[in-house]
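Listing of input-v1.cif; format and content: mmCIF, C-alpha atoms (C1' of nucleotides).
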data_final
#
loop_
_atom_site.label_atom_id
_atom_site.label_comp_id
_atom_site.auth_asym_id
_atom_site.auth_seq_id
_atom_site.Cartn_x
_atom_site.Cartn_y
_atom_site.Cartn_z
CA MET A 1 41.51 20.99 16.06
CA THR A 2 41.73 18.66 13.14
CA THR A 3 38.71 16.91 11.78
CA PRO A 4 39.22 13.19 12.22
CA GLY A 5 37.19 12.35 9.14
CA PRO A 6 34.75 9.45 8.89
CA ARG A 7 34.57 7.59 12.14
CA ALA A 8 34.15 4.33 10.30
CA ALA A 9 37.77 4.45 9.20
CA GLN A 10 38.86 4.01 12.79
CA HIS A 11 37.10 0.72 13.35
CA GLY A 12 38.75 -1.24 10.62
CA VAL A 13 38.78 -4.58 12.40
CA ARG A 14 35.19 -5.05 13.34
CA GLY A 15 34.51 -2.49 10.77
CA ASP A 16 31.39 -1.22 9.41
CA LEU A 17 28.61 -2.64 11.52
CA PHE A 18 28.79 0.36 13.84
CA ASP A 19 28.59 2.85 11.03
CA PRO A 20 25.22 4.15 9.82
CA GLN A 21 26.64 3.70 6.33
CA CYS A 22 27.21 0.02 7.03
CA PRO A 23 25.35 -2.15 4.53
CA THR A 24 24.12 -4.49 7.24
CA ARG A 25 22.80 -1.54 9.21
CA GLN A 26 20.96 -0.29 6.14
CA LEU A 27 19.51 -3.70 5.45
CA LEU A 28 18.30 -4.11 9.03
CA ASP A 29 16.72 -0.68 8.93
CA ARG A 30 14.70 -1.82 5.96
CA LEU A 31 13.75 -5.19 7.39
CA GLY A 32 12.89 -3.48 10.64
CA THR A 33 10.03 -1.55 9.08
CA LYS A 34 6.83 -3.35 9.76
CA TRP A 35 5.55 -4.37 6.34
CA THR A 36 8.70 -4.81 4.29
CA SER A 37 9.31 -8.48 4.93
CA MET A 38 5.62 -9.24 4.61
CA ALA A 39 5.42 -7.55 1.24
CA VAL A 40 8.53 -9.30 -0.04
CA ARG A 41 7.21 -12.64 1.10
CA THR A 42 3.81 -12.14 -0.43
CA LEU A 43 5.27 -11.03 -3.73
CA ALA A 44 7.66 -13.98 -3.60
CA ASP A 45 4.75 -16.35 -3.11
CA ALA A 46 3.15 -14.96 -6.25
CA ALA A 47 6.35 -14.79 -8.31
CA PRO A 48 6.86 -14.75 -11.18
CA GLU A 49 3.31 -13.44 -11.49
CA GLU A 50 2.56 -9.78 -10.99
CA VAL A 51 0.18 -8.71 -8.27
CA ARG A 52 -2.12 -5.72 -8.33
CA PHE A 53 -2.14 -3.23 -5.48
CA ALA A 54 -5.57 -4.15 -4.17
CA GLU A 55 -4.86 -7.87 -4.44
CA LEU A 56 -1.60 -7.41 -2.60
CA ARG A 57 -3.40 -5.54 0.12
CA ARG A 58 -5.94 -8.33 0.38
CA ARG A 59 -3.11 -10.80 0.88
CA MET A 60 -1.55 -8.72 3.64
CA PRO A 61 -4.21 -8.58 6.36
CA GLY A 62 -3.85 -5.60 8.62
CA VAL A 63 -1.88 -3.36 6.30
CA SER A 64 -3.33 0.07 5.66
CA GLN A 65 -3.45 1.40 2.12
CA LYS A 66 -1.04 4.12 3.09
CA MET A 67 1.52 1.81 4.64
CA LEU A 68 1.33 -0.58 1.71
CA SER A 69 1.85 2.35 -0.61
CA VAL A 70 4.79 3.64 1.40
CA THR A 71 6.32 0.18 1.67
CA LEU A 72 5.99 -0.52 -2.04
CA ARG A 73 7.41 2.86 -2.95
CA SER A 74 10.41 2.17 -0.77
CA LEU A 75 10.89 -1.30 -2.21
CA THR A 76 10.53 0.01 -5.74
CA ARG A 77 12.99 2.77 -5.03
CA ASP A 78 15.44 0.18 -3.73
CA GLY A 79 15.11 -1.81 -6.94
CA LEU A 80 13.69 -4.78 -5.06
CA VAL A 81 10.27 -4.49 -6.68
CA SER A 82 9.21 -3.49 -10.18
CA ARG A 83 6.11 -1.40 -10.77
CA ARG A 84 4.01 -1.44 -13.95
CA VAL A 85 1.12 0.91 -14.59
CA GLU A 86 -1.68 0.31 -17.07
CA PRO A 87 -2.87 3.83 -17.88
CA THR A 88 -6.53 2.85 -18.02
CA VAL A 89 -9.40 4.39 -16.11
CA PRO A 90 -9.34 3.41 -13.39
CA PRO A 91 -5.61 2.70 -13.45
CA ARG A 92 -4.24 -0.76 -12.76
CA VAL A 93 -0.85 -1.07 -11.08
CA PHE A 94 1.12 -4.28 -10.93
CA TYR A 95 3.99 -5.19 -8.67
CA ARG A 96 6.53 -7.96 -8.90
CA LEU A 97 9.79 -8.85 -7.21
CA THR A 98 12.94 -8.16 -9.19
CA GLY A 99 15.86 -10.55 -9.24
CA LEU A 100 17.38 -8.57 -6.43
CA GLY A 101 14.16 -8.86 -4.49
CA LEU A 102 14.08 -12.60 -5.03
CA SER A 103 17.60 -12.93 -3.68
CA LEU A 104 16.54 -10.99 -0.60
CA GLU A 105 13.62 -13.34 -0.16
CA ALA A 106 16.12 -16.17 0.05
CA VAL A 107 17.77 -14.45 2.99
CA LEU A 108 14.40 -13.85 4.62
CA ALA A 109 13.63 -17.54 4.20
CA GLY A 110 16.71 -18.24 6.27
CA LEU A 111 15.47 -15.89 8.96
CA ARG A 112 12.11 -17.62 8.91
CA THR A 113 13.68 -21.01 9.30
CA TRP A 114 15.71 -19.90 12.29
CA ALA A 115 12.68 -18.20 13.80
CA GLU A 116 10.49 -21.27 13.41
CA GLU A 117 13.16 -23.47 14.92
CA HIS A 118 14.20 -21.27 17.83
CA MET A 119 11.63 -18.65 18.75
CA ALA A 120 9.79 -21.13 20.94
CA GLU A 121 12.98 -21.48 22.94
CA ILE A 122 13.14 -17.71 23.33
CA ASP A 123 9.54 -17.70 24.48
CA ARG A 124 10.38 -20.30 27.09
CA ALA A 125 13.32 -18.23 28.30
CA ASN A 126 11.06 -15.21 28.67
CA TYR A 127 8.50 -17.25 30.51
CA ALA A 128 11.14 -18.55 32.89
CA VAL A 129 12.29 -15.02 33.67
CA ASP A 130 8.71 -13.95 34.30
CA GLN A 131 8.21 -16.84 36.69
CA GLU A 132 11.31 -15.92 38.68
CA ALA A 133 10.31 -12.29 38.81
CA GLY A 134 6.84 -13.18 39.97
CA GLU A 135 8.08 -15.44 42.75
CA THR A 136 10.65 -12.91 43.88
CA GLU A 137 8.03 -10.22 43.97
CA GLU A 138 5.38 -12.02 45.95
CA ALA A 139 7.79 -13.65 48.38
CA MET B 1 -9.27 -32.48 0.42
CA THR B 2 -5.94 -33.86 1.43
CA THR B 3 -4.14 -33.50 4.73
CA PRO B 4 -3.02 -29.93 5.22
CA GLY B 5 0.42 -30.79 6.58
CA PRO B 6 3.21 -28.40 7.51
CA ARG B 7 2.93 -26.41 4.31
CA ALA B 8 -0.40 -25.15 5.47
CA ALA B 9 1.45 -22.71 7.67
CA GLN B 10 3.08 -21.21 4.62
CA HIS B 11 0.37 -21.22 2.03
CA GLY B 12 -2.95 -21.98 3.63
CA VAL B 13 -4.22 -18.96 5.47
CA ARG B 14 -0.92 -17.23 4.80
CA GLY B 15 -1.42 -17.10 8.45
CA ASP B 16 1.74 -16.85 10.40
CA LEU B 17 3.82 -14.09 8.89
CA PHE B 18 1.04 -11.57 9.21
CA ASP B 19 0.31 -12.44 12.78
CA PRO B 20 2.04 -10.52 15.59
CA GLN B 21 2.54 -13.92 17.22
CA CYS B 22 4.43 -15.12 14.15
CA PRO B 23 7.96 -16.21 15.07
CA THR B 24 9.45 -14.38 12.10
CA ARG B 25 7.66 -11.22 13.11
CA GLN B 26 9.00 -11.54 16.63
CA LEU B 27 12.51 -12.14 15.38
CA LEU B 28 12.39 -9.13 13.07
CA ASP B 29 11.10 -6.95 15.89
CA ARG B 30 14.19 -7.89 17.85
CA LEU B 31 16.64 -7.45 15.00
CA GLY B 32 14.96 -4.19 14.16
CA THR B 33 16.01 -2.56 17.41
CA LYS B 34 19.10 -0.54 16.84
CA TRP B 35 21.75 -2.23 18.97
CA THR B 36 20.69 -5.85 19.04
CA SER B 37 22.60 -7.08 16.03
CA MET B 38 25.61 -5.03 17.00
CA ALA B 39 25.69 -6.50 20.47
CA VAL B 40 25.31 -10.05 19.18
CA ARG B 41 28.08 -9.51 16.67
CA THR B 42 30.44 -7.99 19.19
CA LEU B 43 29.83 -10.78 21.67
CA ALA B 44 30.27 -13.32 18.89
CA ASP B 45 33.62 -11.78 18.01
CA ALA B 46 34.73 -12.24 21.59
CA ALA B 47 33.25 -15.72 22.05
CA PRO B 48 33.84 -17.91 23.89
CA GLU B 49 35.34 -15.23 26.14
CA GLU B 50 33.13 -13.17 28.40
CA VAL B 51 33.03 -9.42 28.01
CA ARG B 52 32.47 -6.88 30.74
CA PHE B 53 29.84 -4.20 30.40
CA ALA B 54 32.27 -1.30 30.04
CA GLU B 55 34.44 -3.18 27.60
CA LEU B 56 31.41 -4.10 25.53
CA ARG B 57 30.38 -0.50 25.49
CA ARG B 58 33.85 0.50 24.34
CA ARG B 59 33.56 -1.95 21.46
CA MET B 60 30.20 -0.54 20.38
CA PRO B 61 30.93 3.08 19.51
CA GLY B 62 27.90 5.30 19.74
CA VAL B 63 25.83 3.18 22.10
CA SER B 64 24.61 4.94 25.22
CA GLN B 65 24.93 3.30 28.58
CA LYS B 66 21.19 3.02 28.87
CA MET B 67 20.64 1.49 25.46
CA LEU B 68 23.39 -1.04 26.00
CA SER B 69 21.81 -1.93 29.31
CA VAL B 70 18.37 -2.24 27.78
CA THR B 71 19.68 -4.27 24.85
CA LEU B 72 21.59 -6.67 27.06
CA ARG B 73 18.65 -7.11 29.39
CA SER B 74 16.46 -7.99 26.44
CA LEU B 75 19.02 -10.42 25.03
CA THR B 76 19.52 -12.02 28.43
CA ARG B 77 15.80 -12.33 28.91
CA ASP B 78 15.57 -14.02 25.52
CA GLY B 79 18.21 -16.54 26.53
CA LEU B 80 20.55 -15.33 23.81
CA VAL B 81 23.08 -13.93 26.26
CA SER B 82 24.25 -15.13 29.66
CA ARG B 83 25.01 -12.70 32.46
CA ARG B 84 27.44 -13.31 35.31
CA VAL B 85 27.90 -10.96 38.24
CA GLU B 86 30.96 -10.84 40.45
CA PRO B 87 29.58 -9.38 43.69
CA THR B 88 32.67 -7.30 44.38
CA VAL B 89 32.83 -3.59 45.06
CA PRO B 90 32.53 -2.19 42.54
CA PRO B 91 30.65 -5.04 40.87
CA ARG B 92 31.92 -6.67 37.70
CA VAL B 93 29.37 -7.99 35.22
CA PHE B 94 30.26 -10.32 32.39
CA TYR B 95 28.27 -11.14 29.28
CA ARG B 96 28.60 -13.96 26.81
CA LEU B 97 26.56 -15.40 23.96
CA THR B 98 24.71 -18.61 24.73
CA GLY B 99 24.50 -21.45 22.23
CA LEU B 100 21.20 -20.01 21.06
CA GLY B 101 22.85 -16.64 20.63
CA LEU B 102 25.64 -18.18 18.60
CA SER B 103 23.14 -19.82 16.29
CA LEU B 104 21.47 -16.46 15.79
CA GLU B 105 24.82 -14.95 14.96
CA ALA B 106 25.08 -17.45 12.12
CA VAL B 107 21.85 -16.11 10.67
CA LEU B 108 23.07 -12.56 11.08
CA ALA B 109 26.24 -13.51 9.25
CA GLY B 110 24.01 -14.52 6.34
CA LEU B 111 22.32 -11.14 6.44
CA ARG B 112 25.70 -9.44 6.48
CA THR B 113 26.87 -11.38 3.47
CA TRP B 114 23.80 -10.47 1.47
CA ALA B 115 24.08 -6.85 2.54
CA GLU B 116 27.71 -6.60 1.55
CA GLU B 117 27.00 -8.17 -1.80
CA HIS B 118 23.85 -6.28 -2.71
CA MET B 119 23.40 -3.05 -0.77
CA ALA B 120 25.57 -1.17 -3.27
CA GLU B 121 23.08 -2.17 -5.93
CA ILE B 122 20.26 -0.79 -3.80
CA ASP B 123 22.19 2.44 -3.35
CA ARG B 124 22.57 2.73 -7.11
CA ALA B 125 18.85 2.17 -7.58
CA ASN B 126 18.11 4.95 -5.10
CA TYR B 127 20.56 7.27 -6.80
CA ALA B 128 18.95 6.60 -10.16
CA VAL B 129 15.51 7.46 -8.79
CA ASP B 130 16.88 10.65 -7.28
CA GLN B 131 18.38 11.66 -10.61
CA GLU B 132 15.08 11.17 -12.43
CA ALA B 133 13.18 13.09 -9.78
CA GLY B 134 15.68 15.93 -9.89
CA GLU B 135 15.50 16.26 -13.66
CA THR B 136 11.74 16.07 -13.67
CA GLU B 137 11.52 18.73 -11.01
CA GLU B 138 13.91 21.33 -12.39
CA ALA B 139 12.78 20.96 -15.99
"C1'" DC C 1 31.14 -0.05 37.74
"C1'" DG C 2 26.83 -1.36 36.33
"C1'" DG C 3 22.33 -0.03 35.68
"C1'" DG C 4 17.65 1.60 37.03
"C1'" DA C 5 14.31 5.75 36.61
"C1'" DT C 6 12.88 9.93 34.47
"C1'" DC C 7 12.21 13.19 30.96
"C1'" DC C 8 12.13 14.38 26.28
"C1'" DT C 9 12.52 14.17 21.13
"C1'" DA C 10 12.02 12.01 16.73
"C1'" DC C 11 10.38 8.60 13.94
"C1'" DT C 12 7.11 5.03 12.62
"C1'" DT C 13 2.54 3.78 12.18
"C1'" DG C 14 -2.35 4.25 11.69
"C1'" DA C 15 -6.97 6.59 10.69
"C1'" DT C 16 -9.10 9.63 7.81
"C1'" DA C 17 -10.03 12.44 3.88
"C1'" DC C 18 -9.08 13.98 -0.77
"C1'" DT C 19 -7.58 13.45 -5.94
"C1'" DG C 20 -6.67 11.80 -10.88
"C1'" DC D 1 -8.31 1.84 -8.25
"C1'" DA D 2 -4.30 3.61 -6.64
"C1'" DG D 3 -2.48 6.59 -4.64
"C1'" DT D 4 -1.18 11.35 -1.69
"C1'" DA D 5 -1.72 14.64 2.25
"C1'" DT D 6 -2.86 15.56 6.96
"C1'" DC D 7 -3.26 14.69 11.73
"C1'" DA D 8 -2.98 11.96 16.00
"C1'" DA D 9 -0.68 8.39 18.78
"C1'" DG D 10 2.50 5.00 20.29
"C1'" DT D 11 7.26 3.82 20.85
"C1'" DA D 12 12.34 3.50 20.20
"C1'" DG D 13 16.10 6.00 21.34
"C1'" DG D 14 19.10 9.48 23.74
"C1'" DA D 15 20.54 12.59 27.79
"C1'" DT D 16 20.74 12.97 32.52
"C1'" DC D 17 20.54 11.94 37.35
"C1'" DC D 18 20.78 8.83 41.03
"C1'" DC D 19 21.61 4.41 43.56
"C1'" DG D 20 24.05 0.06 45.43
#

What do you get writing this file as structure tokens?
Amino acid sequence: MTTPGPRAAQHGVRGDLFDPQCPTRQLLDRLGTKWTSMAVRTLADAAPEEVRFAELRRRMPGVSQKMLSVTLRSLTRDGLVSRRVEPTVPPRVFYRLTGLGLSLEAVLAGLRTWAEEHMAEIDRANYAVDQEAGETEEA
Amino acid sequence: MTTPGPRAAQHGVRGDLFDPQCPTRQLLDRLGTKWTSMAVRTLADAAPEEVRFAELRRRMPGVSQKMLSVTLRSLTRDGLVSRRVEPTVPPRVFYRLTGLGLSLEAVLAGLRTWAEEHMAEIDRANYAVDQEAGETEEA
DNA sequence: CGGGATCCTACTTGATACTG
DNA sequence: CAGTATCAAGTAGGATCCCG
């Protein structure tokens, strides 16, 4: 049997969204991780100033030091955040959004706007479904 | 001190984004699930036509029957998708994006655009980091 | 045909402890 | 201070079986 090659090639029309290599898929995977958007937003709020690790953590209530570390490493690796180390004792590490990171923040701002405008409507829809279910159940 | 106003939500306590009740958080939780964006996109491509379950599944390569079912139930519950059942034997079930769902698709289109424009840059950044790490390691 | 229920695996997250 | 390493837990996702 012949190897059909990359499956993505078959779905030319609607294309890439179904492929794990799809850029949108990769972006959503990143935004889906819990602290990514929060970190980008917090760094964007501070931009163009740098923010130290501990200060960043203070501004992101609930984040563990490990998850902040993991998140920042991922963002740095992606080129969305720059990392600067002052080799003092103790060391001081500064983070700042790159240009690429700032452009992502613009997209996130769009998401935020939609969410603020429409999530209440989604909540109402959920509530309505719950009401129906409740009535059906206790009938 | 002056009136807090709407900006308080953004800058004051820094409150909303870090809260699990935050609308943006709730939206990202939804978009973060694997098949949500794919389903919305596929239904948007078909809009304003309805799409049957099996046909939808055919248009979303890789999705399992269960995950499609779960995803559609969630979207329907959120009021993003409408569901119509023809009580025949066997039953025929049709799905379609609601107006709310269509407006979400617009936001997703923005995400897609950014991803297509910038994910290659992120890939390059990752590749560069890998190169450095490799050289450092095998030196 | 559509989809609910069950079981199971893998990944993400979090708590804790240790290091330069 | 700024991490890294380890372990435990919760959850998203997939495979399968069954039902109306």

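Running the PyMOL selection byres ((chain A and resi 74) around 12) on this file leaves A:Asp29, A:Arg30, A:Leu31, A:Thr33, A:Trp35, A:Thr36, A:Ala39, A:Val40, A:Met67, A:Leu68, A:Ser69, A:Val70, A:Thr71, A:Leu72, A:Arg73, A:Leu75, A:Thr76, A:Arg77, A:Asp78, A:Gly79, A:Leu80, A:Val81, A:Ser82, A:Arg83, B:Ile122, B:Ala125, B:Asn126, B:Val129 selected.
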
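Contacts from chain C to chain B at a cut-off of 12 Å (all atoms listed in the file) map to C:DC1, C:DG2, C:DG3, C:DG4, C:DA5.
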
Please write the residues picked by the PyMOL selection byres ((chain D) within 10 of (chain A)) on this file as a short mmCIF file (atom, residue, chain, number, x, y, z; two decimals) with C-alpha atoms (C1' of nucleotides), in the frame of the given file.
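File result26.cif, as written:
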data_model
loop_
_atom_site.label_atom_id
_atom_site.label_comp_id
_atom_site.auth_asym_id
_atom_site.auth_seq_id
_atom_site.Cartn_x
_atom_site.Cartn_y
_atom_site.Cartn_z
"C1'" DC D 1 -8.31 1.84 -8.25
"C1'" DA D 2 -4.30 3.61 -6.64
"C1'" DG D 3 -2.48 6.59 -4.64
"C1'" DT D 4 -1.18 11.35 -1.69
#

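The two identical-sequence chains, chain B and chain A, differ by a C-alpha RMSD of 4.4 Å after optimal least-squares superposition.
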
Define the interface residues of chain B facing chain A as those within 8 Å, counting all atoms listed in the file, and report them as an NGL selection string. :B and (14 or 17-18 or 23-24 or 26-29 or 31-33 or 38 or 60-62 or 77-80 or 100 or 104 or 107 or 110-112 or 114-116 or 118-120 or 122-123 or 125-126 or 129)

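Nearest to Thr98 in chain B of all the residues B:Glu86, B:Ala133, B:Gln21, B:Ala44 is B:Ala44, based on all atoms listed in the file.
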
Edge lengths and centre, in Å to one decimal, as lines of an AutoDock Vina configuration file: that's what I need for the box along x, y and z that holds all listed atoms of range 28-38 of chain B plus 5 Å on each side.
center_x = 18.4
center_y = -4.8
center_z = 16.1
size_x = 24.5
size_y = 18.6
size_z = 16.0

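Across the structure, CA of Ser64 in chain B and C1' of DA15 in chain D are spaced 9.0 Å apart.
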
Nearest to Leu56 in chain A among A:Gln131, A:Gly101, A:Arg96, A:Arg84, with distances taken over only C-alpha atoms: which residue is it? A:Arg96

Take C1' of DC19 in chain D and CA of Pro87 in chain B and report the distance between them in Å, one decimal. 15.9 Å

In Å, rounded to a single decimal, give me how far C1' of DG14 in chain D is from C1' of DC7 in chain C. 10.6 Å

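Non-sequential neighbours of DG10 in chain D (distance at most 10 Å, separation of 5 or more positions within a chain, only C-alpha atoms (C1' of nucleotides)) are DT12, DT13 and DG14 of chain C.
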
Step by step, work through what the PyMOL selection byres ((chain D and resi 17) around 9) selects in the shown file, and finish by giving those residues as a PyMOL selection string. (chain C and resi 5-6) or (chain D and resi 16+18)
